[in-house]
file data.pdb (PDB, C-alpha atoms)
ATOM      1  CA  MET A  19     -21.751 -30.736  10.478
ATOM      2  CA  SER A  20     -24.523 -33.258  11.142
ATOM      3  CA  ILE A  21     -26.315 -35.145   8.371
ATOM      4  CA  THR A  22     -29.529 -33.255   9.183
ATOM      5  CA  VAL A  23     -27.799 -29.885   8.827
ATOM      6  CA  LEU A  24     -26.082 -30.996   5.607
ATOM      7  CA  LYS A  25     -29.376 -32.120   4.081
ATOM      8  CA  SER A  26     -30.988 -28.826   5.035
ATOM      9  CA  ALA A  27     -28.098 -26.854   3.518
ATOM     10  CA  LYS A  28     -28.306 -28.858   0.296
ATOM     11  CA  LYS A  29     -32.058 -28.311   0.052
ATOM     12  CA  ALA A  30     -31.652 -24.566   0.559
ATOM     13  CA  LEU A  31     -28.958 -24.360  -2.116
ATOM     14  CA  ARG A  32     -31.106 -26.301  -4.599
ATOM     15  CA  THR A  33     -33.947 -23.839  -4.010
ATOM     16  CA  SER A  34     -31.785 -20.717  -4.372
ATOM     17  CA  MET A  35     -30.009 -22.049  -7.461
ATOM     18  CA  GLY A  36     -33.328 -23.061  -9.028
ATOM     19  CA  ASN A  37     -34.603 -19.506  -8.568
ATOM     20  CA  LYS A  38     -31.438 -18.120 -10.162
ATOM     21  CA  LEU A  39     -31.598 -20.465 -13.154
ATOM     22  CA  ARG A  40     -35.237 -19.606 -13.831
ATOM     23  CA  ASP A  41     -34.069 -16.114 -14.823
ATOM     24  CA  LEU A  42     -31.714 -17.542 -17.466
ATOM     25  CA  THR A  43     -32.829 -16.726 -21.018
ATOM     26  CA  GLN A  44     -32.904 -19.422 -23.694
ATOM     27  CA  SER A  45     -30.343 -17.508 -25.765
ATOM     28  CA  ASP A  46     -27.946 -17.274 -22.809
ATOM     29  CA  LEU A  47     -28.436 -20.983 -22.083
ATOM     30  CA  GLN A  48     -27.681 -21.849 -25.699
ATOM     31  CA  SER A  49     -24.604 -19.620 -26.020
ATOM     32  CA  GLN A  50     -23.115 -20.898 -22.757
ATOM     33  CA  SER A  51     -23.812 -24.498 -23.797
ATOM     34  CA  GLU A  52     -22.099 -23.985 -27.168
ATOM     35  CA  ALA A  53     -18.992 -22.545 -25.484
ATOM     36  CA  ILE A  54     -18.852 -25.451 -23.019
ATOM     37  CA  VAL A  55     -19.290 -28.128 -25.694
ATOM     38  CA  ALA A  56     -16.458 -26.562 -27.711
ATOM     39  CA  LYS A  57     -14.182 -26.907 -24.678
ATOM     40  CA  VAL A  58     -15.216 -30.508 -24.075
ATOM     41  CA  VAL A  59     -14.493 -31.725 -27.606
ATOM     42  CA  ALA A  60     -11.080 -30.004 -27.523
ATOM     43  CA  LEU A  61     -10.024 -31.770 -24.318
ATOM     44  CA  PRO A  62      -7.217 -34.318 -24.762
ATOM     45  CA  ALA A  63      -9.002 -36.558 -22.225
ATOM     46  CA  PHE A  64     -12.170 -36.461 -24.311
ATOM     47  CA  LYS A  65     -10.286 -37.189 -27.528
ATOM     48  CA  ARG A  66      -8.605 -40.218 -25.904
ATOM     49  CA  SER A  67     -11.819 -41.631 -24.469
ATOM     50  CA  LYS A  68     -13.353 -44.597 -26.273
ATOM     51  CA  THR A  69     -16.301 -45.333 -23.975
ATOM     52  CA  VAL A  70     -18.126 -42.205 -22.846
ATOM     53  CA  SER A  71     -21.205 -41.525 -20.765
ATOM     54  CA  CYS A  72     -22.998 -38.234 -21.297
ATOM     55  CA  TYR A  73     -26.305 -37.105 -19.816
ATOM     56  CA  LEU A  74     -29.241 -36.161 -22.031
ATOM     57  CA  SER A  75     -30.167 -32.659 -20.946
ATOM     58  CA  MET A  76     -33.401 -31.272 -19.569
ATOM     59  CA  PRO A  77     -34.982 -28.533 -21.718
ATOM     60  CA  THR A  78     -33.929 -25.814 -19.248
ATOM     61  CA  GLY A  79     -31.780 -25.199 -16.186
ATOM     62  CA  GLU A  80     -28.611 -27.043 -17.223
ATOM     63  CA  VAL A  81     -25.996 -27.192 -19.954
ATOM     64  CA  GLN A  82     -27.573 -28.479 -23.172
ATOM     65  CA  THR A  83     -25.825 -31.590 -24.496
ATOM     66  CA  THR A  84     -27.596 -32.308 -27.804
ATOM     67  CA  ALA A  85     -24.632 -31.095 -29.892
ATOM     68  CA  LEU A  86     -22.154 -32.987 -27.713
ATOM     69  CA  VAL A  87     -24.167 -36.204 -27.918
ATOM     70  CA  SER A  88     -24.322 -35.903 -31.717
ATOM     71  CA  ASN A  89     -20.559 -35.310 -31.809
ATOM     72  CA  ILE A  90     -19.917 -38.512 -29.851
ATOM     73  CA  LEU A  91     -22.336 -40.536 -31.981
ATOM     74  CA  ALA A  92     -20.612 -39.330 -35.156
ATOM     75  CA  ASP A  93     -17.205 -40.543 -33.913
ATOM     76  CA  ASN A  94     -16.689 -44.150 -34.974
ATOM     77  CA  GLY A  95     -13.949 -44.480 -32.368
ATOM     78  CA  LYS A  96     -16.334 -43.797 -29.484
ATOM     79  CA  LYS A  97     -19.255 -45.617 -27.866
ATOM     80  CA  LEU A  98     -21.876 -43.502 -26.093
ATOM     81  CA  PHE A  99     -23.762 -44.572 -22.982
ATOM     82  CA  VAL A 100     -26.545 -42.473 -21.461
ATOM     83  CA  PRO A 101     -28.318 -42.572 -18.081
ATOM     84  CA  SER A 102     -31.361 -44.805 -17.770
ATOM     85  CA  LEU A 103     -33.813 -44.763 -14.863
ATOM     86  CA  ALA A 104     -35.870 -47.657 -16.157
ATOM     87  CA  SER A 105     -34.864 -49.868 -13.227
ATOM     88  CA  LYS A 106     -37.656 -50.458 -10.731
ATOM     89  CA  ASP A 107     -35.271 -50.366  -7.756
ATOM     90  CA  GLY A 108     -34.533 -46.661  -8.188
ATOM     91  CA  HIS A 109     -30.975 -47.183  -9.380
ATOM     92  CA  MET A 110     -29.515 -45.598 -12.470
ATOM     93  CA  ASP A 111     -27.767 -47.546 -15.216
ATOM     94  CA  PHE A 112     -25.918 -46.355 -18.312
ATOM     95  CA  VAL A 113     -27.077 -47.902 -21.589
ATOM     96  CA  ARG A 114     -25.798 -47.676 -25.135
ATOM     97  CA  LEU A 115     -27.114 -45.076 -27.553
ATOM     98  CA  TYR A 116     -26.278 -46.245 -31.051
ATOM     99  CA  ASP A 117     -26.858 -43.467 -33.569
ATOM    100  CA  ASP A 118     -28.770 -40.268 -34.353
ATOM    101  CA  ASP A 119     -31.867 -42.213 -35.387
ATOM    102  CA  ASP A 120     -31.815 -43.932 -32.001
ATOM    103  CA  LEU A 121     -31.487 -40.532 -30.288
ATOM    104  CA  ARG A 122     -34.373 -38.963 -32.222
ATOM    105  CA  ALA A 123     -36.660 -41.903 -31.436
ATOM    106  CA  LEU A 124     -36.242 -41.683 -27.652
ATOM    107  CA  PRO A 125     -39.463 -40.858 -25.762
ATOM    108  CA  ALA A 126     -39.459 -38.108 -23.137
ATOM    109  CA  GLY A 127     -39.172 -39.377 -19.580
ATOM    110  CA  LEU A 128     -38.730 -37.815 -16.135
ATOM    111  CA  TRP A 129     -38.190 -33.999 -16.220
ATOM    112  CA  GLY A 130     -38.547 -34.056 -20.015
ATOM    113  CA  ILE A 131     -35.298 -35.988 -20.411
ATOM    114  CA  PRO A 132     -35.209 -38.505 -23.289
ATOM    115  CA  GLU A 133     -35.395 -42.022 -21.828
ATOM    116  CA  PRO A 134     -33.843 -44.969 -23.724
ATOM    117  CA  PRO A 135     -36.056 -48.083 -23.822
ATOM    118  CA  ALA A 136     -34.524 -51.368 -22.696
ATOM    119  CA  GLU A 137     -34.775 -52.819 -26.202
ATOM    120  CA  TRP A 138     -33.022 -51.701 -29.369
ATOM    121  CA  SER A 139     -33.227 -53.254 -32.842
ATOM    122  CA  SER A 140     -34.998 -56.383 -31.563
ATOM    123  CA  GLY A 141     -32.420 -56.968 -28.853
ATOM    124  CA  LYS A 142     -31.393 -55.806 -25.392
ATOM    125  CA  ARG A 143     -29.690 -52.442 -25.267
ATOM    126  CA  GLN A 144     -26.092 -52.795 -24.069
ATOM    127  CA  SER A 145     -25.335 -51.675 -20.497
ATOM    128  CA  VAL A 146     -22.009 -50.577 -19.037
ATOM    129  CA  SER A 147     -22.657 -53.205 -16.360
ATOM    130  CA  ASP A 148     -22.500 -56.010 -18.924
ATOM    131  CA  VAL A 149     -19.395 -58.169 -18.563
ATOM    132  CA  SER A 150     -18.762 -57.763 -22.298
ATOM    133  CA  CYS A 151     -18.754 -53.950 -22.112
ATOM    134  CA  GLU A 152     -15.491 -52.022 -22.163
ATOM    135  CA  ASP A 153     -14.598 -49.944 -19.110
ATOM    136  CA  LEU A 154     -16.054 -46.450 -18.998
ATOM    137  CA  ASP A 155     -13.335 -43.880 -19.672
ATOM    138  CA  LEU A 156     -15.340 -40.738 -18.989
ATOM    139  CA  ILE A 157     -18.604 -39.700 -17.333
ATOM    140  CA  ILE A 158     -19.978 -36.264 -18.231
ATOM    141  CA  LEU A 159     -22.255 -35.179 -15.390
ATOM    142  CA  PRO A 160     -24.957 -32.562 -14.881
ATOM    143  CA  GLY A 161     -25.744 -30.936 -11.547
ATOM    144  CA  VAL A 162     -27.653 -28.190  -9.779
ATOM    145  CA  ALA A 163     -24.580 -26.396  -8.415
ATOM    146  CA  PHE A 164     -20.806 -26.800  -8.306
ATOM    147  CA  ASP A 165     -17.924 -25.111  -6.538
ATOM    148  CA  SER A 166     -14.285 -24.516  -7.414
ATOM    149  CA  SER A 167     -13.121 -27.228  -5.000
ATOM    150  CA  LEU A 168     -14.734 -29.709  -7.444
ATOM    151  CA  SER A 169     -17.819 -30.402  -5.350
ATOM    152  CA  ARG A 170     -21.140 -31.167  -7.012
ATOM    153  CA  LEU A 171     -24.742 -30.797  -5.847
ATOM    154  CA  GLY A 172     -27.215 -33.032  -7.665
ATOM    155  CA  HIS A 173     -30.999 -33.128  -7.538
ATOM    156  CA  GLY A 174     -31.016 -35.093  -4.288
ATOM    157  CA  LYS A 175     -31.725 -38.598  -5.564
ATOM    158  CA  GLY A 176     -28.122 -39.809  -5.336
ATOM    159  CA  TYR A 177     -28.237 -41.545  -8.717
ATOM    160  CA  TYR A 178     -24.731 -40.649  -9.871
ATOM    161  CA  ASP A 179     -22.992 -41.137  -6.534
ATOM    162  CA  ARG A 180     -24.562 -44.570  -6.082
ATOM    163  CA  PHE A 181     -23.778 -45.615  -9.634
ATOM    164  CA  ILE A 182     -20.116 -44.571  -9.446
ATOM    165  CA  SER A 183     -19.663 -46.332  -6.104
ATOM    166  CA  SER A 184     -21.243 -49.555  -7.355
ATOM    167  CA  TYR A 185     -19.381 -49.406 -10.669
ATOM    168  CA  VAL A 186     -15.891 -49.130  -9.163
ATOM    169  CA  ASN A 187     -16.549 -51.395  -6.182
ATOM    170  CA  ASN A 188     -18.198 -54.346  -7.921
ATOM    171  CA  ALA A 189     -16.630 -57.767  -8.368
ATOM    172  CA  ALA A 190     -15.226 -56.815 -11.788
ATOM    173  CA  LYS A 191     -13.090 -54.100 -10.141
ATOM    174  CA  ARG A 192     -13.726 -51.566 -12.866
ATOM    175  CA  PRO A 193     -11.317 -48.607 -12.949
ATOM    176  CA  ARG A 194     -12.694 -45.225 -11.888
ATOM    177  CA  PRO A 195     -13.827 -43.178 -14.898
ATOM    178  CA  LEU A 196     -12.825 -39.542 -15.261
ATOM    179  CA  LEU A 197     -15.644 -37.414 -13.792
ATOM    180  CA  VAL A 198     -16.263 -34.200 -15.737
ATOM    181  CA  ALA A 199     -19.149 -31.852 -14.909
ATOM    182  CA  LEU A 200     -20.645 -29.216 -17.194
ATOM    183  CA  SER A 201     -21.610 -26.012 -15.406
ATOM    184  CA  LEU A 202     -23.351 -22.845 -16.486
ATOM    185  CA  GLN A 203     -21.539 -19.776 -15.183
ATOM    186  CA  GLN A 204     -24.393 -19.126 -12.729
ATOM    187  CA  GLN A 205     -24.010 -22.621 -11.240
ATOM    188  CA  LEU A 206     -20.348 -22.254 -10.250
ATOM    189  CA  LEU A 207     -19.739 -21.131  -6.670
ATOM    190  CA  GLU A 208     -16.638 -20.430  -4.621
ATOM    191  CA  ALA A 209     -14.769 -23.279  -2.950
ATOM    192  CA  GLY A 210     -16.600 -24.764   0.026
ATOM    193  CA  GLN A 211     -20.034 -23.441  -0.933
ATOM    194  CA  VAL A 212     -21.452 -26.850  -1.925
ATOM    195  CA  PRO A 213     -22.140 -29.084   1.126
ATOM    196  CA  MET A 214     -20.621 -32.558   0.788
ATOM    197  CA  THR A 215     -21.074 -35.851   2.649
ATOM    198  CA  ASP A 216     -18.767 -38.870   2.739
ATOM    199  CA  HIS A 217     -20.900 -40.532   0.042
ATOM    200  CA  ASP A 218     -20.600 -37.642  -2.436
ATOM    201  CA  TRP A 219     -17.989 -38.073  -5.163
ATOM    202  CA  LYS A 220     -15.585 -35.230  -5.919
ATOM    203  CA  LEU A 221     -15.178 -34.337  -9.580
ATOM    204  CA  ASP A 222     -11.993 -34.426 -11.628
ATOM    205  CA  MET A 223     -12.958 -31.439 -13.727
ATOM    206  CA  ILE A 224     -15.633 -28.757 -14.104
ATOM    207  CA  ILE A 225     -16.099 -27.009 -17.437
ATOM    208  CA  THR A 226     -17.865 -23.647 -17.657
ATOM    209  CA  PRO A 227     -18.059 -21.221 -20.606
ATOM    210  CA  LYS A 228     -14.982 -19.408 -19.253
ATOM    211  CA  ASP A 229     -13.073 -21.866 -17.074
ATOM    212  CA  ILE A 230     -11.690 -25.371 -16.939
ATOM    213  CA  ILE A 231     -11.289 -26.294 -13.283
ATOM    214  CA  THR A 232      -9.136 -29.286 -12.448
ATOM    215  CA  GLN A 233      -7.654 -30.724  -9.302
ATOM    216  CA  GLU A 234      -4.412 -28.942 -10.064
ATOM    217  CA  ASP A 235      -5.478 -25.431 -10.896
ATOM    218  CA  LEU A 236      -7.997 -23.029 -12.385
ATOM    219  CA  VAL A 237      -7.245 -22.379 -16.032
ATOM    220  CA  ILE A 238      -8.750 -19.262 -17.571
ATOM    221  CA  VAL A 239      -9.363 -20.122 -21.205
TER     222      VAL A 239
END
call {"tool": "encode", "arguments": {"input": "data.pdb", "output": "structure tokens"}}
result
Amino acid sequence: MSITVLKSAKKALRTSMGNKLRDLTQSDLQSQSEAIVAKVVALPAFKRSKTVSCYLSMPTGEVQTTALVSNILADNGKKLFVPSLASKDGHMDFVRLYDDDDLRALPAGLWGIPEPPAEWSSGKRQSVSDVSCEDLDLIILPGVAFDSSLSRLGHGKGYYDRFISSYVNNAAKRPRPLLVALSLQQQLLEAGQVPMTDHDWKLDMIITPKDIITQEDLVIV
């Protein structure tokens, strides 16, 4: 399949999934999100992780992560890093979120997503790219659509794929973090339904309200 055809297929899927998600009620979104967060915090891989990245959710159309973010911040054994699009070159970084007060003070940015400022407590906010920062153990990703072969469709900007590639391929030779996506039931498609290019990263796990999908099998929980 040519790049042009792939891009067209991705665009069409984003449109159709967006239409589907617009019909999702707030109560359904909240109940699905609560079920997914409960699965995440029970994961052995999550419990082991010391340095975690989790996205700050949009108000609608994706799994809500406010409860999960608060859970991570309350764990003294974990450090939380969240996406930041403050860079002028269009690249995404992950920066430290320190506590609930820090979270509540974040201004709304693109798509209504809270955006962490570069400064915190009269100093520079820590970045996962800093030499002094521990390796990321886990990245919790959003997406527009997913399929059971662990493919992910993002919003088309390539932020996550570029970040992961640069993170693991830089001079520091950082180890690859575990990639875990959170998916509403409506966002999960059958294997092969999400178009993928060579630059798109496959996931290690997808968590829905009903399923935990890994590279080994589909576990009905």
call {"tool": "residues_around", "arguments": {"input": "data.pdb", "residues": "Asp120 in chain A", "least_positions_apart": "6", "cutoff": "10 Å", "atoms": "all atoms listed in the file", "output": "PyMOL selection string"}}
result
chain A and resi 114+134+138-139
call {"tool": "write_last_selection", "arguments": {"input": "data.pdb", "atoms": "C-alpha atoms", "output": "mmCIF file, keeping the file's coordinate frame"}}
result
data_model
loop_
_atom_site.group_PDB
_atom_site.id
_atom_site.type_symbol
_atom_site.label_atom_id
_atom_site.label_comp_id
_atom_site.auth_asym_id
_atom_site.auth_seq_id
_atom_site.Cartn_x
_atom_site.Cartn_y
_atom_site.Cartn_z
ATOM 1 C CA ARG A 114 -25.798 -47.676 -25.135
ATOM 2 C CA PRO A 134 -33.843 -44.969 -23.724
ATOM 3 C CA TRP A 138 -33.022 -51.701 -29.369
ATOM 4 C CA SER A 139 -33.227 -53.254 -32.842
#
call {"tool": "resolve_selection", "arguments": {"input": "data.pdb", "expression": "the PyMOL selection byres ((chain A and resi 118) around 10)", "output": "ChimeraX atom specification"}}
result
/A:87-89,91-92,115-117,119-123
call {"tool": "closest_atom_pairs", "arguments": {"input": "data.pdb", "of": "range 160-228 of chain A", "to": "range 19-26 of chain A", "cutoff": "12 Å", "atoms": "all atoms listed in the file", "output": "Markdown table"}}
result
| residue | atom | partner | partner_atom | distance |
| --- | --- | --- | --- | --- |
| A:Leu171 | CA | A:Lys25 | CA | 11.0 |
| A:Gly172 | CA | A:Lys25 | CA | 12.0 |
| A:His173 | CA | A:Lys25 | CA | 11.8 |
| A:Gly174 | CA | A:Lys25 | CA | 9.0 |
| A:Lys175 | CA | A:Lys25 | CA | 11.9 |
| A:Gln211 | CA | A:Leu24 | CA | 11.7 |
| A:Val212 | CA | A:Leu24 | CA | 9.8 |
| A:Pro213 | CA | A:Leu24 | CA | 6.3 |
| A:Met214 | CA | A:Leu24 | CA | 7.4 |
| A:Thr215 | CA | A:Leu24 | CA | 7.6 |
| A:Asp216 | CA | A:Ile21 | CA | 10.1 |
| A:His217 | CA | A:Ile21 | CA | 11.3 |
| A:Asp218 | CA | A:Leu24 | CA | 11.8 |
call {"tool": "atom_distance", "arguments": {"input": "data.pdb", "atom1": "CA of Lys142 in chain A", "atom2": "CA of Tyr73 in chain A"}}
result
20.2 Å
call {"tool": "atom_distance", "arguments": {"input": "data.pdb", "atom1": "CA of Gln50 in chain A", "atom2": "CA of Ile158 in chain A"}}
result
16.3 Å
call {"tool": "closest_residue", "arguments": {"input": "data.pdb", "among": "A:Val81, A:Val162, A:Ile182, A:Ala190", "to": "Met35 in chain A", "atoms": "all atoms listed in the file"}}
result
A:Val162
call {"tool": "resolve_selection", "arguments": {"input": "data.pdb", "expression": "the PyMOL selection byres ((chain A and resi 195) around 9)", "output": "PyMOL selection string"}}
result
chain A and resi 153-157+182+186+192-194+196-197
call {"tool": "closest_residue", "arguments": {"input": "data.pdb", "among": "A:Thr78, A:Gln144, A:Thr226, A:Ser102", "to": "Gly36 in chain A", "atoms": "all atoms listed in the file"}}
result
A:Thr78
call {"tool": "resolve_selection", "arguments": {"input": "data.pdb", "expression": "the PyMOL selection byres ((chain A and resi 74) around 8)", "output": "number ranges by chain"}}
result
A: 72-73, 75-76, 82-84, 87, 100-101, 131-132
call {"tool": "residues_around", "arguments": {"input": "data.pdb", "residues": "Arg170 in chain A", "least_positions_apart": "4", "cutoff": "12 Å", "atoms": "all atoms listed in the file", "output": "PyMOL selection string"}}
result
chain A and resi 28+31-32+159-166+174+176+178-179+197-201+205-215+217-224
call {"tool": "residues_near_point", "arguments": {"input": "data.pdb", "point": "(-19.0, -18.4, -20.2)", "cutoff": "8 Å", "atoms": "all atoms listed in the file", "output": "VMD selection string"}}
result
chain A and resid 50 53 to 54 202 to 203 226 to 229
call {"tool": "closest_residue", "arguments": {"input": "data.pdb", "among": "A:His109, A:Leu124, A:Ser169, A:Gln233", "to": "Phe181 in chain A", "atoms": "only C-alpha atoms"}}
result
A:His109
call {"tool": "closest_residue", "arguments": {"input": "data.pdb", "among": "A:Ser183, A:Val70, A:Gly79, A:Lys65", "to": "Thr43 in chain A", "atoms": "only C-alpha atoms"}}
result
A:Gly79
call {"tool": "closest_residue", "arguments": {"input": "data.pdb", "among": "A:Pro77, A:Gly130, A:Pro62, A:Gly95", "to": "Arg40 in chain A", "atoms": "all atoms listed in the file"}}
result
A:Pro77
call {"tool": "decode", "arguments": {"input": "data.pdb", "residues": "range 170-180 of chain A", "atoms": "all heavy atoms", "output": "CSV table (one decimal), in the first residue's frame"}}
result
chain,number,residue,atom,x,y,z
A,170,ARG,N,-2.0,1.4,16.6
A,170,ARG,CA,-2.6,2.7,17.1
A,170,ARG,C,-2.7,3.7,16.0
A,170,ARG,O,-1.8,3.9,15.3
A,170,ARG,CB,-1.7,3.2,18.3
A,170,ARG,CG,-2.1,4.6,18.7
A,170,ARG,CD,-1.1,5.1,19.8
A,170,ARG,NE,-1.3,6.5,20.1
A,170,ARG,CZ,-0.8,7.5,19.5
A,170,ARG,NH1,0.1,7.3,18.5
A,170,ARG,NH2,-1.1,8.8,19.8
A,171,LEU,N,-3.8,4.4,16.0
A,171,LEU,CA,-4.0,5.6,15.1
A,171,LEU,C,-4.1,6.8,16.0
A,171,LEU,O,-5.0,6.9,16.8
A,171,LEU,CB,-5.3,5.4,14.3
A,171,LEU,CG,-5.6,6.6,13.3
A,171,LEU,CD1,-4.6,6.7,12.2
A,171,LEU,CD2,-7.0,6.5,12.8
A,172,GLY,N,-3.1,7.8,15.8
A,172,GLY,CA,-3.2,9.0,16.5
A,172,GLY,C,-3.9,10.1,15.8
A,172,GLY,O,-4.7,9.8,14.8
A,173,HIS,N,-3.7,11.3,16.2
A,173,HIS,CA,-4.4,12.4,15.5
A,173,HIS,C,-3.7,12.9,14.3
A,173,HIS,O,-4.2,13.9,13.7
A,173,HIS,CB,-4.5,13.6,16.5
A,173,HIS,CG,-5.5,13.3,17.7
A,173,HIS,ND1,-6.9,13.5,17.5
A,173,HIS,CD2,-5.3,12.8,18.9
A,173,HIS,CE1,-7.5,13.1,18.6
A,173,HIS,NE2,-6.5,12.7,19.5
A,174,GLY,N,-2.6,12.3,13.9
A,174,GLY,CA,-2.0,12.7,12.6
A,174,GLY,C,-0.8,13.6,12.7
A,174,GLY,O,-0.2,13.9,11.7
A,175,LYS,N,-0.4,14.0,13.9
A,175,LYS,CA,0.7,14.9,14.0
A,175,LYS,C,2.1,14.1,14.2
A,175,LYS,O,3.1,14.7,14.1
A,175,LYS,CB,0.5,15.8,15.2
A,175,LYS,CG,-0.7,16.6,15.2
A,175,LYS,CD,-0.7,17.6,14.0
A,175,LYS,CE,-2.0,18.5,14.0
A,175,LYS,NZ,-2.0,19.4,12.8
A,176,GLY,N,2.0,12.8,14.6
A,176,GLY,CA,3.2,12.0,14.8
A,176,GLY,C,4.0,12.3,16.0
A,176,GLY,O,5.1,11.9,16.2
A,177,TYR,N,3.4,13.0,17.0
A,177,TYR,CA,4.1,13.4,18.2
A,177,TYR,C,4.7,12.2,18.9
A,177,TYR,O,5.9,12.2,19.3
A,177,TYR,CB,3.2,14.2,19.2
A,177,TYR,CG,2.8,15.5,18.7
A,177,TYR,CD1,1.4,15.9,18.7
A,177,TYR,CD2,3.7,16.5,18.2
A,177,TYR,CE1,1.1,17.2,18.3
A,177,TYR,CE2,3.4,17.7,17.8
A,177,TYR,CZ,2.0,18.1,17.8
A,177,TYR,OH,1.7,19.4,17.4
A,178,TYR,N,3.8,11.2,19.2
A,178,TYR,CA,4.3,10.1,20.0
A,178,TYR,C,5.3,9.2,19.3
A,178,TYR,O,6.4,8.8,19.8
A,178,TYR,CB,3.1,9.2,20.5
A,178,TYR,CG,2.4,9.7,21.7
A,178,TYR,CD1,1.3,10.6,21.6
A,178,TYR,CD2,2.9,9.4,23.0
A,178,TYR,CE1,0.7,11.1,22.8
A,178,TYR,CE2,2.3,9.8,24.1
A,178,TYR,CZ,1.2,10.7,24.0
A,178,TYR,OH,0.6,11.2,25.1
A,179,ASP,N,5.1,8.9,18.0
A,179,ASP,CA,6.0,8.1,17.3
A,179,ASP,C,7.4,8.8,17.1
A,179,ASP,O,8.4,8.1,17.3
A,179,ASP,CB,5.4,7.8,15.9
A,179,ASP,CG,4.2,6.9,15.9
A,179,ASP,OD1,4.2,5.9,16.5
A,179,ASP,OD2,3.1,7.3,15.3
A,180,ARG,N,7.4,10.1,16.9
A,180,ARG,CA,8.7,10.8,16.8
A,180,ARG,C,9.4,10.8,18.2
A,180,ARG,O,10.6,10.6,18.2
A,180,ARG,CB,8.5,12.2,16.3
A,180,ARG,CG,8.2,12.3,14.8
A,180,ARG,CD,8.5,13.7,14.3
A,180,ARG,NE,7.8,14.7,15.0
A,180,ARG,CZ,6.6,15.1,14.7
A,180,ARG,NH1,5.9,14.6,13.7
A,180,ARG,NH2,6.0,16.1,15.4
